[in-house]
$ cat protein_34.cif   # mmCIF, C-alpha atoms
data_target
#
loop_
_atom_site.label_atom_id
_atom_site.label_comp_id
_atom_site.auth_asym_id
_atom_site.auth_seq_id
_atom_site.Cartn_x
_atom_site.Cartn_y
_atom_site.Cartn_z
CA MET A 1 185.36 212.00 158.74
CA ASP A 2 183.83 215.31 159.74
CA LEU A 3 184.76 217.50 162.65
CA GLN A 4 182.12 216.01 164.90
CA ALA A 5 183.25 212.44 164.35
CA PHE A 6 186.85 213.47 164.71
CA LYS A 7 186.18 215.16 168.02
CA GLN A 8 184.25 212.17 169.27
CA ARG A 9 187.14 209.93 168.49
CA ILE A 10 189.97 212.13 169.63
CA LEU A 11 188.49 213.93 172.61
CA PRO A 12 188.75 210.98 175.02
CA VAL A 13 192.39 210.56 174.06
CA GLN A 14 193.15 214.25 174.23
CA GLY A 15 193.75 214.28 178.00
CA ARG A 16 196.20 211.42 177.74
CA LEU A 17 198.12 213.02 174.95
CA PHE A 18 198.24 216.25 176.88
CA ARG A 19 199.60 214.57 180.02
CA LEU A 20 202.17 212.75 177.97
CA ALA A 21 203.27 215.94 176.31
CA GLN A 22 203.42 217.66 179.66
CA LEU A 23 205.54 214.86 181.04
CA PHE A 24 208.12 215.39 178.33
CA LEU A 25 207.97 219.12 177.92
CA ARG A 26 207.37 219.95 181.62
CA ASN A 27 205.35 222.95 180.67
CA ARG A 28 201.65 223.40 180.30
CA GLU A 29 201.71 225.84 177.40
CA GLU A 30 204.23 223.86 175.45
CA ALA A 31 202.29 220.70 176.07
CA GLU A 32 199.12 222.28 174.74
CA ASP A 33 201.03 223.52 171.76
CA ALA A 34 202.39 220.08 171.04
CA LEU A 35 198.99 218.50 171.55
CA GLN A 36 197.47 220.93 169.12
CA ASP A 37 200.14 220.04 166.61
CA VAL A 38 199.42 216.37 166.97
CA LEU A 39 195.69 216.84 166.64
CA LEU A 40 196.12 219.01 163.57
CA ARG A 41 198.27 216.36 161.98
CA LEU A 42 195.69 213.74 162.79
CA TRP A 43 193.02 216.00 161.34
CA THR A 44 194.85 216.54 158.08
CA ASN A 45 195.38 212.81 157.79
CA ARG A 46 191.87 211.99 158.89
CA GLN A 47 191.14 210.08 155.70
CA GLN A 48 193.81 207.50 156.53
CA LEU A 49 192.98 207.17 160.22
CA ASP A 50 190.70 204.21 159.63
CA THR A 51 193.54 202.21 158.18
CA TYR A 52 195.38 202.26 161.49
CA HIS A 53 194.86 199.48 163.96
CA SER A 54 194.57 201.84 166.90
CA VAL A 55 194.23 205.56 166.49
CA GLU A 56 195.10 206.05 170.13
CA ALA A 57 198.38 204.16 169.85
CA LEU A 58 199.18 206.19 166.78
CA ALA A 59 198.36 209.43 168.52
CA VAL A 60 200.46 208.52 171.57
CA GLN A 61 203.36 207.60 169.32
CA MET A 62 203.03 210.84 167.41
CA THR A 63 202.92 212.84 170.61
CA LYS A 64 205.97 211.10 172.00
CA ASN A 65 207.97 211.63 168.82
CA LEU A 66 206.88 215.20 168.47
CA CYS A 67 207.84 215.97 172.06
CA LEU A 68 211.24 214.33 171.68
CA ASP A 69 211.78 216.27 168.47
CA ARG A 70 210.91 219.47 170.23
CA LEU A 71 213.24 218.68 173.08
CA LYS A 72 216.00 218.26 170.54
CA SER A 73 215.19 221.41 168.64
CA PRO A 74 217.58 224.37 169.18
CA ALA A 75 214.74 226.65 170.23
CA HIS A 76 213.79 224.34 173.03
CA GLN A 77 217.32 223.68 174.10
CA LYS A 78 217.81 227.38 174.67
CA MET A 79 214.72 227.46 176.83
CA ALA A 80 215.81 224.32 178.71
CA ASN A 81 219.12 225.96 179.41
CA ASP A 82 217.36 228.87 181.02
CA ALA A 83 215.21 226.50 182.99
CA GLY A 84 218.24 224.43 183.89
CA LEU A 85 219.90 227.48 185.28
CA LYS A 86 216.96 227.98 187.55
CA GLU A 87 217.06 224.36 188.59
CA PHE A 88 220.72 224.59 189.22
CA GLU A 89 220.19 227.50 191.50
CA ALA A 90 217.48 225.53 193.20
CA GLU A 91 219.93 222.71 193.84
CA GLY A 92 221.03 224.57 196.93
CA VAL A 93 218.81 224.81 199.93
CA SER A 94 216.57 227.63 198.89
CA PRO A 95 213.17 228.46 200.30
CA TYR A 96 211.76 227.68 196.89
CA ARG A 97 213.21 224.21 196.97
CA GLN A 98 211.93 223.63 200.44
CA VAL A 99 208.43 224.60 199.52
CA GLU A 100 208.51 222.28 196.58
CA LEU A 101 209.89 219.43 198.62
CA ALA A 102 207.10 219.86 201.07
CA ASP A 103 204.70 219.30 198.21
CA SER A 104 205.44 215.63 197.65
CA ALA A 105 203.29 215.37 194.53
CA GLY A 106 205.31 218.15 192.96
CA LEU A 107 208.49 216.40 194.00
CA ILE A 108 207.38 213.11 192.51
CA ARG A 109 206.52 214.86 189.29
CA ARG A 110 209.96 216.32 189.07
CA LEU A 111 211.51 212.98 189.87
CA VAL A 112 209.43 211.26 187.21
CA GLU A 113 210.39 213.90 184.75
CA ASP A 114 214.03 213.30 185.53
CA LEU A 115 213.79 209.59 184.69
CA PRO A 116 215.34 208.39 181.43
CA THR A 117 212.98 208.82 178.52
CA GLN A 118 211.97 205.21 178.11
CA GLN A 119 211.43 204.58 181.81
CA LYS A 120 209.51 207.76 182.10
CA LEU A 121 207.28 206.90 179.14
CA ILE A 122 206.49 203.40 180.27
CA LEU A 123 205.96 204.37 183.89
CA HIS A 124 203.64 207.13 182.80
CA LEU A 125 201.66 204.96 180.44
CA ARG A 126 201.32 202.22 183.00
CA ASP A 127 200.80 204.01 186.28
CA VAL A 128 199.10 207.18 185.19
CA GLU A 129 197.23 206.12 182.09
CA GLU A 130 196.72 202.51 183.20
CA TYR A 131 197.70 201.01 179.89
CA SER A 132 197.89 197.26 179.63
CA PHE A 133 201.21 195.75 178.63
CA GLU A 134 199.78 195.00 175.20
CA GLU A 135 198.89 198.64 174.69
CA ILE A 136 202.32 199.75 175.78
CA GLU A 137 203.78 197.22 173.41
CA GLN A 138 201.79 198.80 170.58
CA VAL A 139 203.06 202.24 171.37
CA THR A 140 206.69 201.51 172.11
CA GLY A 141 207.26 198.44 169.99
CA LEU A 142 209.09 196.78 172.89
CA SER A 143 208.44 193.21 174.00
CA ILE A 144 206.30 192.71 177.09
CA ASN A 145 209.20 191.27 179.04
CA ASN A 146 211.28 194.25 178.18
CA ILE A 147 208.50 196.53 179.26
CA ARG A 148 208.23 194.75 182.62
CA VAL A 149 211.92 195.17 183.25
CA ILE A 150 211.92 198.82 182.32
CA LEU A 151 208.81 199.43 184.40
CA SER A 152 210.33 197.73 187.41
CA ARG A 153 213.49 199.77 187.09
CA ALA A 154 211.53 202.97 186.76
CA ARG A 155 209.48 202.25 189.84
CA LEU A 156 212.48 201.31 191.90
CA ARG A 157 214.42 204.28 190.74
CA LEU A 158 211.55 206.60 191.49
CA ARG A 159 211.26 205.29 195.03
CA GLU A 160 214.99 205.44 195.51
CA SER A 161 215.27 209.03 194.42
CA TYR A 162 212.20 209.92 196.45
CA VAL A 163 213.58 208.39 199.60
CA LYS A 164 216.86 210.13 198.92
CA ALA A 165 215.18 213.47 198.47
CA ASN A 166 213.11 212.91 201.58
CA ASN A 167 216.12 212.02 203.66
CA TYR A 168 217.83 215.07 202.26
CA GLU A 169 214.91 217.14 203.32
CA ALA A 170 214.75 215.43 206.71
CA GLY A 171 218.44 216.10 207.19
CA HIS A 172 217.76 219.78 207.09
CA MET B 1 195.08 194.03 204.52
CA LYS B 2 198.52 195.24 205.42
CA PRO B 3 200.54 192.19 204.46
CA ASP B 4 198.48 192.09 201.31
CA ILE B 5 199.56 195.59 200.46
CA GLU B 6 203.15 194.80 201.26
CA LYS B 7 203.05 191.80 198.97
CA LEU B 8 201.44 193.86 196.27
CA LEU B 9 204.07 196.55 196.67
CA GLU B 10 206.78 194.00 196.22
CA LYS B 11 205.16 192.74 193.07
CA TYR B 12 204.63 196.30 191.99
CA TYR B 13 208.29 197.17 192.15
CA GLU B 14 209.09 194.07 190.17
CA GLY B 15 206.69 195.16 187.50
CA GLU B 16 204.54 192.06 187.96
CA THR B 17 201.29 193.58 189.23
CA THR B 18 198.16 193.57 187.11
CA LEU B 19 196.18 196.71 186.37
CA ASP B 20 193.60 195.74 188.99
CA GLU B 21 196.23 195.26 191.64
CA GLU B 22 197.74 198.62 190.82
CA LYS B 23 194.35 200.16 191.14
CA GLU B 24 194.02 198.60 194.55
CA LEU B 25 197.33 200.07 195.58
CA ARG B 26 196.35 203.51 194.38
CA GLN B 27 193.10 203.32 196.25
CA PHE B 28 194.88 202.18 199.38
CA PHE B 29 197.26 205.11 199.31
CA GLN B 30 194.43 207.56 198.77
CA GLN B 31 193.35 206.93 202.37
CA GLU B 32 193.86 209.55 204.99
CA THR B 33 195.69 207.26 207.40
CA ILE B 34 198.52 205.22 206.08
CA PRO B 35 200.78 203.09 208.28
CA ALA B 36 204.05 204.88 208.91
CA HIS B 37 206.28 202.23 207.35
CA LEU B 38 204.32 202.42 204.09
CA LEU B 39 204.28 206.18 203.98
CA GLU B 40 207.33 206.45 201.76
CA HIS B 41 205.46 204.53 199.02
CA ALA B 42 202.43 206.76 199.16
CA ALA B 43 203.74 209.73 197.23
CA PRO B 44 204.12 208.13 193.79
CA PHE B 45 200.64 206.63 193.90
CA ARG B 46 199.15 209.90 195.00
CA TYR B 47 201.00 211.60 192.22
CA PHE B 48 199.71 209.08 189.66
CA ALA B 49 196.16 209.57 190.79
CA GLU B 50 196.55 213.31 190.71
CA ALA B 51 198.34 213.35 187.37
CA ARG B 52 195.40 211.55 185.80
CA THR B 53 193.21 214.53 186.49
CA GLN B 54 195.38 216.87 184.44
CA HIS B 55 193.65 218.14 181.34
CA PRO B 56 194.32 220.75 178.76
CA SER B 57 192.88 224.13 179.67
CA ALA B 58 189.32 225.01 178.80
CA THR B 59 190.32 227.49 176.12
CA PHE B 60 192.44 224.87 174.42
CA ASN B 61 189.51 223.11 172.87
CA ASN B 62 188.10 226.34 171.52
CA ARG B 63 191.42 227.23 169.99
CA LEU B 64 191.71 223.74 168.59
CA VAL B 65 188.29 223.83 166.99
CA ASP B 66 189.16 227.20 165.49
CA LYS B 67 192.32 225.74 164.07
CA LEU B 68 190.60 222.65 162.81
CA THR B 69 187.87 224.57 161.07
CA ALA B 70 190.08 227.37 159.84
CA PRO B 71 192.67 225.38 157.92
CA GLU B 72 189.97 223.21 156.49
CA PRO B 73 189.63 225.32 153.37
CA ARG B 74 193.35 224.90 152.80
CA PRO B 75 193.23 221.44 151.26
CA ILE B 76 190.01 222.38 149.53
CA ARG B 77 191.55 225.55 148.19
CA SER B 78 194.48 223.64 146.79
CA LEU B 79 191.94 221.41 145.14
CA THR B 80 190.01 224.35 143.82
CA THR B 81 193.07 226.06 142.44
CA TRP B 82 193.73 222.93 140.48
CA PHE B 83 190.09 222.69 139.66
CA MET B 84 189.87 226.41 138.96
CA ARG B 85 192.66 226.24 136.44
CA LEU B 86 190.84 223.56 134.56
CA ALA B 87 187.55 225.39 134.83
CA ALA B 88 189.14 228.65 133.73
CA SER B 89 190.72 227.09 130.69
CA LEU B 90 187.44 225.43 129.80
CA ALA B 91 185.61 228.69 130.32
CA LEU B 92 188.07 230.47 128.05
CA LEU B 93 187.61 227.86 125.37
CA ILE B 94 183.85 228.09 125.64
CA VAL B 95 183.92 231.88 125.59
CA GLY B 96 186.17 231.80 122.55
CA PHE B 97 184.08 229.34 120.65
CA SER B 98 180.77 230.88 121.52
CA GLY B 99 182.17 234.33 120.80
CA GLY B 100 183.21 233.18 117.36
CA ARG B 101 179.88 231.57 116.78
CA PHE B 102 177.98 234.63 117.89
CA TYR B 103 180.07 236.87 115.72
CA ASP B 104 179.47 234.61 112.77
CA GLN B 105 175.77 234.54 113.43
CA TRP B 106 175.64 238.26 113.97
CA ARG B 107 177.37 238.87 110.68
CA SER B 108 175.15 236.58 108.69
CA ASP B 109 172.17 238.13 110.44
CA GLN B 110 173.32 241.56 109.40
CA GLN B 111 173.76 240.43 105.85
CA ARG B 112 170.32 238.94 105.87
CA THR B 113 168.73 242.06 107.30
CA GLN B 114 170.56 244.17 104.77
CA GLN B 115 169.01 242.02 102.10
CA THR B 116 165.57 241.93 103.61
CA VAL B 117 165.50 245.66 104.15
CA SER B 118 165.24 246.46 100.45
CA SER B 119 162.70 243.79 99.50
CA GLY B 120 161.86 240.14 99.68
CA ASP B 121 163.76 239.32 96.52
CA ALA B 122 166.68 241.61 97.11
CA MET B 123 169.26 239.11 96.02
CA PRO B 124 168.64 239.28 92.26
CA THR B 125 168.01 243.02 92.44
CA LEU B 126 171.30 243.64 94.08
CA GLU B 127 173.23 241.53 91.67
CA MET B 128 171.39 243.00 88.79
CA LYS B 129 172.17 246.52 89.87
CA LYS B 130 175.75 245.60 90.37
CA VAL B 131 176.18 244.09 86.93
CA LEU B 132 174.11 246.58 85.00
CA ALA B 133 175.52 249.67 86.64
CA PHE B 134 176.64 251.94 83.85
CA GLU B 135 180.19 252.32 85.03
CA GLN B 136 180.55 248.54 85.18
CA HIS B 137 179.94 248.05 81.48
CA PRO B 138 183.57 247.86 80.40
CA LYS B 139 184.22 245.16 82.98
CA THR B 140 181.24 242.89 82.46
CA SER B 141 180.63 240.63 79.50
CA ALA B 142 177.46 240.77 77.42
CA SER B 143 176.31 237.37 78.60
CA GLU B 144 176.70 238.48 82.19
CA ARG B 145 174.56 241.48 81.51
CA ILE B 146 171.93 239.37 79.75
CA GLN B 147 171.89 237.08 82.73
CA ALA B 148 171.47 240.06 85.01
CA VAL B 149 168.61 241.34 82.91
CA ASN B 150 167.01 237.91 82.98
CA GLN B 151 167.17 237.96 86.73
CA SER B 152 164.42 240.55 86.61
CA TYR B 153 162.09 237.69 85.69
CA GLU B 154 162.53 236.40 89.20
CA LEU B 155 161.08 239.63 90.57
CA SER B 156 157.41 239.66 91.19
CA GLN B 157 157.38 243.41 91.27
CA ALA B 158 159.75 246.04 90.01
CA ASP B 159 160.40 249.41 91.52
CA ARG B 160 161.49 252.53 89.76
CA ASP B 161 165.13 251.68 90.16
CA ILE B 162 164.77 248.43 88.32
CA THR B 163 162.75 249.77 85.44
CA GLN B 164 165.07 252.73 85.08
CA LEU B 165 167.99 250.36 85.05
CA LEU B 166 166.37 248.24 82.37
CA ILE B 167 165.47 251.33 80.32
CA ASN B 168 169.03 252.55 80.50
CA THR B 169 170.23 249.16 79.44
CA LEU B 170 167.75 249.15 76.56
CA ASN B 171 168.84 252.55 75.33
CA PHE B 172 172.52 252.60 75.97
CA ASP B 173 173.95 249.10 76.15
CA ALA B 174 176.56 248.49 73.54
CA ASN B 175 175.42 244.97 72.85
CA VAL B 176 172.32 244.33 70.75
CA ASN B 177 171.44 241.14 72.51
CA VAL B 178 171.52 242.82 75.87
CA ARG B 179 169.27 245.54 74.56
CA LEU B 180 166.89 242.92 73.23
CA ALA B 181 166.81 241.16 76.52
CA ALA B 182 166.18 244.43 78.32
CA CYS B 183 163.35 245.20 75.93
CA GLN B 184 161.73 241.87 76.52
CA ALA B 185 162.18 242.24 80.24
CA LEU B 186 160.61 245.66 80.17
CA THR B 187 157.45 244.43 78.45
CA ARG B 188 156.77 242.43 81.60
CA PHE B 189 156.64 245.66 83.54
CA GLU B 190 154.36 247.50 81.12
CA ASN B 191 152.23 248.69 83.97
CA GLU B 192 155.06 250.36 85.77
CA PRO B 193 155.07 254.15 85.42
CA GLY B 194 157.37 255.38 82.69
CA VAL B 195 157.93 252.02 81.04
CA ARG B 196 155.53 252.56 78.13
CA GLU B 197 156.86 256.05 77.49
CA ALA B 198 160.39 254.72 77.63
CA LEU B 199 159.56 252.05 75.06
CA ILE B 200 158.08 254.62 72.71
CA GLN B 201 161.01 256.89 73.17
CA SER B 202 163.42 254.06 72.67
CA LEU B 203 161.91 253.49 69.21
CA THR B 204 163.36 256.79 68.10
CA ILE B 205 166.74 256.03 69.52
CA GLN B 206 167.27 252.46 68.38
CA THR B 207 169.00 251.96 65.09
CA ASP B 208 169.36 248.20 65.11
CA ALA B 209 166.72 246.38 63.12
CA ASN B 210 166.36 243.56 65.59
CA VAL B 211 165.69 245.87 68.45
CA GLN B 212 163.32 247.96 66.35
CA LEU B 213 161.38 244.85 65.40
CA THR B 214 161.18 243.68 68.97
CA LEU B 215 160.09 247.09 70.13
CA ILE B 216 157.33 247.26 67.55
CA ASP B 217 156.20 243.78 68.56
CA ALA B 218 156.24 244.78 72.17
CA LEU B 219 154.34 247.99 71.61
CA VAL B 220 151.75 246.23 69.50
CA ALA B 221 151.46 243.51 72.12
CA ILE B 222 150.74 245.99 74.87
CA LYS B 223 148.51 247.99 72.54
CA GLU B 224 150.21 251.27 73.12
CA LYS B 225 148.36 253.76 70.92
CA ARG B 226 150.67 256.61 71.74
CA ALA B 227 153.35 254.76 69.78
CA VAL B 228 151.42 255.17 66.50
CA ASN B 229 153.26 258.34 65.49
CA GLU B 230 156.65 256.89 66.08
CA ILE B 231 155.86 253.67 64.28
CA GLN B 232 154.44 255.63 61.36
CA ARG B 233 157.61 257.67 61.20
CA LEU B 234 159.58 254.43 61.20
CA ALA B 235 157.41 253.00 58.43
CA GLN B 236 158.07 256.04 56.27
CA ASN B 237 161.76 256.31 57.09
CA GLN B 238 163.77 255.27 54.10
CA GLU B 239 166.91 254.68 56.08
CA VAL B 240 165.65 251.70 57.99
CA LEU B 241 165.51 248.21 56.59
CA ASP B 242 162.58 247.04 54.53
CA VAL B 243 161.74 244.37 57.07
CA VAL B 244 161.45 246.98 59.72
CA ARG B 245 159.28 249.20 57.57
CA GLN B 246 157.01 246.31 56.73
CA LYS B 247 156.83 245.34 60.36
CA ALA B 248 156.10 248.91 61.34
CA GLN B 249 153.30 249.09 58.80
CA GLU B 250 151.91 245.85 60.05
CA GLY B 251 152.12 246.95 63.63
CA LEU B 252 150.52 250.25 62.71
CA ASN B 253 147.61 248.47 61.13
CA ASN B 254 147.26 246.20 64.12
CA LEU B 255 147.30 249.09 66.52
CA VAL B 256 144.82 251.14 64.58
CA GLN B 257 142.49 248.20 63.98
CA GLY B 258 142.92 246.96 67.53
CA GLY B 259 142.02 250.42 68.71
CA LYS B 260 138.96 250.51 66.46
CA SER B 261 137.57 247.05 66.81
CA PRO B 262 136.94 247.03 70.55
CA SER B 263 135.42 250.50 70.54
#

$ encode --input "protein_34.cif" --output "structure tokens"
Amino acid sequence: MDLQAFKQRILPVQGRLFRLAQLFLRNREEAEDALQDVLLRLWTNRQQLDTYHSVEALAVQMTKNLCLDRLKSPAHQKMANDAGLKEFEAEGVSPYRQVELADSAGLIRRLVEDLPTQQKLILHLRDVEEYSFEEIEQVTGLSINNIRVILSRARLRLRESYVKANNYEAGH
Amino acid sequence: MKPDIEKLLEKYYEGETTLDEEKELRQFFQQETIPAHLLEHAAPFRYFAEARTQHPSATFNNRLVDKLTAPEPRPIRSLTTWFMRLAASLALLIVGFSGGRFYDQWRSDQQRTQQTVSSGDAMPTLEMKKVLAFEQHPKTSASERIQAVNQSYELSQADRDITQLLINTLNFDANVNVRLAACQALTRFENEPGVREALIQSLTIQTDANVQLTLIDALVAIKEKRAVNEIQRLAQNQEVLDVVRQKAQEGLNNLVQGGKSPS
């Protein structure tokens, strides 16, 4: 597989992988970094790619694992702590918070990001990337019923927290 | 439309909607005007639609291509180092072998040129010179020297060195047989300068009857008139054997008659 063929195969998936990475890492630069890592790994293993049933499912899985690994890594935890501090400060009614609340898309993103990992992943794959249940099954290895349940919970929880945040905002 | 959307929303939150139905929902919430009671559901769908448009930055792809093309030599290099090692060892072997071969060839070439420099038939000459060299006499046996002398028969032409060598052998070799052989060898080179004179001179030196006889024969055979005086002296010398005197007389007659008859 040469570079051209590789790009043709991976480029359509690239956006998805990037969004997934961004969902986990909550940071554009880090997401690009992770995406690059994933693509490099795919490139070095390009000879074996044909043996996989779905390169996309593989790539999504790799991205997810890589992102979770990075979140666990000490370097990232230090960064998250710094970020957490900022968030914690923002917990109060600050102008910053208010501006962000006004931007409902930004709020939703934050709320999605705050979901538990599995809910977040499945909600993202389904509602953003429009994966079928079968495709999600390939990536996560969960049964379709399980996926439905998790998806339902994620959606409900997202609405709940959104309504809560909105009421909170309205209260002020 | 509205109840439809409400029903769909219900299904949506239960996780039962199909992809098409979800698309419908997203499209519905993209509208400018959304009924107030549905407004609280709008945000997630708007977010989903917006999130889909997120892409890595433009420079990302350039950086990626750089990375993809740059590390490409890495696996190849690891292959080449392995390959290089093999190639290097092979090259060393080849260099060693060919070096040895060339050296061998060069040496044999040099030997050959050394031989060809002197003359076409240098081989016997060289050996001859080696064996007959005066200082070698104590070390070589008589048969070896005879063999060396006989090697002169292989020469088509003799130079001064060879004839001088043979003359020396004829005059000074300790062994009679060697001297005889040298004498016979010299008669082949009768036309070489100095050979005839040497033969005549040798007649005065030689004391052995056999050699004297052979010399007389040789001189008569080559019809050397200048030898007449020497042979006459030999014929009148009382110290030499009778056979030699008779032979000398005979040779004298032959020479004198041979000189007369053709003229």

$ atom_distance --input "protein_34.cif" --atom1 "atom CA of A:Ala21" --atom2 "atom CA of A:Thr117"
12.2 Å

$ interface_residues --input "protein_34.cif" --of "chain A" --to "chain B" --cutoff "6 Å" --atoms "all atoms listed in the file" --output "number ranges by chain"
A: 15, 105, 128, 148, 151-152, 155-156

$ resolve_selection --input "protein_34.cif" --expression "the PyMOL selection byres ((chain B and resi 203-214) around 12)" --output "number ranges by chain"
B: 167-187, 196-202, 215-221, 226-235, 237, 239-251

$ resolve_selection --input "protein_34.cif" --expression "the PyMOL selection byres ((chain A and resi 23) around 12)" --output "PDB file with C-alpha atoms, in the coordinates of the input"
ATOM      1  CA  ARG A  16     196.200 211.420 177.740  1.00  0.00           C
ATOM      2  CA  LEU A  17     198.120 213.020 174.950  1.00  0.00           C
ATOM      3  CA  PHE A  18     198.240 216.250 176.880  1.00  0.00           C
ATOM      4  CA  ARG A  19     199.600 214.570 180.020  1.00  0.00           C
ATOM      5  CA  LEU A  20     202.170 212.750 177.970  1.00  0.00           C
ATOM      6  CA  ALA A  21     203.270 215.940 176.310  1.00  0.00           C
ATOM      7  CA  GLN A  22     203.420 217.660 179.660  1.00  0.00           C
ATOM      8  CA  PHE A  24     208.120 215.390 178.330  1.00  0.00           C
ATOM      9  CA  LEU A  25     207.970 219.120 177.920  1.00  0.00           C
ATOM     10  CA  ARG A  26     207.370 219.950 181.620  1.00  0.00           C
ATOM     11  CA  ASN A  27     205.350 222.950 180.670  1.00  0.00           C
ATOM     12  CA  ARG A  28     201.650 223.400 180.300  1.00  0.00           C
ATOM     13  CA  GLU A  30     204.230 223.860 175.450  1.00  0.00           C
ATOM     14  CA  ALA A  31     202.290 220.700 176.070  1.00  0.00           C
ATOM     15  CA  GLU A  32     199.120 222.280 174.740  1.00  0.00           C
ATOM     16  CA  ALA A  34     202.390 220.080 171.040  1.00  0.00           C
ATOM     17  CA  THR A  63     202.920 212.840 170.610  1.00  0.00           C
ATOM     18  CA  LYS A  64     205.970 211.100 172.000  1.00  0.00           C
ATOM     19  CA  CYS A  67     207.840 215.970 172.060  1.00  0.00           C
ATOM     20  CA  LEU A  68     211.240 214.330 171.680  1.00  0.00           C
ATOM     21  CA  LEU A  71     213.240 218.680 173.080  1.00  0.00           C
ATOM     22  CA  ILE A 108     207.380 213.110 192.510  1.00  0.00           C
ATOM     23  CA  ARG A 109     206.520 214.860 189.290  1.00  0.00           C
ATOM     24  CA  ARG A 110     209.960 216.320 189.070  1.00  0.00           C
ATOM     25  CA  LEU A 111     211.510 212.980 189.870  1.00  0.00           C
ATOM     26  CA  VAL A 112     209.430 211.260 187.210  1.00  0.00           C
ATOM     27  CA  GLU A 113     210.390 213.900 184.750  1.00  0.00           C
ATOM     28  CA  ASP A 114     214.030 213.300 185.530  1.00  0.00           C
ATOM     29  CA  LEU A 115     213.790 209.590 184.690  1.00  0.00           C
ATOM     30  CA  PRO A 116     215.340 208.390 181.430  1.00  0.00           C
ATOM     31  CA  THR A 117     212.980 208.820 178.520  1.00  0.00           C
ATOM     32  CA  GLN A 118     211.970 205.210 178.110  1.00  0.00           C
ATOM     33  CA  GLN A 119     211.430 204.580 181.810  1.00  0.00           C
ATOM     34  CA  LYS A 120     209.510 207.760 182.100  1.00  0.00           C
ATOM     35  CA  LEU A 121     207.280 206.900 179.140  1.00  0.00           C
ATOM     36  CA  ILE A 122     206.490 203.400 180.270  1.00  0.00           C
ATOM     37  CA  LEU A 123     205.960 204.370 183.890  1.00  0.00           C
ATOM     38  CA  HIS A 124     203.640 207.130 182.800  1.00  0.00           C
ATOM     39  CA  LEU A 125     201.660 204.960 180.440  1.00  0.00           C
ATOM     40  CA  VAL A 128     199.100 207.180 185.190  1.00  0.00           C
TER      41      VAL A 128
ATOM     42  CA  PHE B  48     199.710 209.080 189.660  1.00  0.00           C
ATOM     43  CA  ALA B  51     198.340 213.350 187.370  1.00  0.00           C
ATOM     44  CA  ARG B  52     195.400 211.550 185.800  1.00  0.00           C
ATOM     45  CA  GLN B  54     195.380 216.870 184.440  1.00  0.00           C
TER      46      GLN B  54
END

$ residues_near_point --input "protein_34.cif" --point "(189.4, 212.4, 173.4)" --cutoff "12 Å" --atoms "only C-alpha atoms" --output "PyMOL selection string"
(chain A and resi 4-18+35+39+55-56+59-60) or (chain B and resi 55-56+61)

$ closest_residue --input "protein_34.cif" --among "B:Thr59, B:Leu25, B:Gly99, B:Ile5" --to "A:Glu29" --atoms "all atoms listed in the file"
B:Thr59

$ resolve_selection --input "protein_34.cif" --expression "the PyMOL selection byres ((chain A and resi 133) around 9)" --output "list of chain:residue names"
A:Arg126, A:Tyr131, A:Ser132, A:Glu134, A:Glu135, A:Ile136, A:Glu137, A:Gln138, A:Ser143, A:Ile144, A:Ile147, A:Arg148

$ axis_aligned_box --input "protein_34.cif" --around "stretch 14-17 of chain B" --padding-each-side "4 Å" --output "lines of an AutoDock Vina configuration file"
center_x = 205.2
center_y = 193.6
center_z = 188.8
size_x = 15.8
size_y = 11.1
size_z = 10.7

$ atom_distance --input "protein_34.cif" --atom1 "atom CA of B:Thr140" --atom2 "atom CA of B:Ser152"
17.5 Å
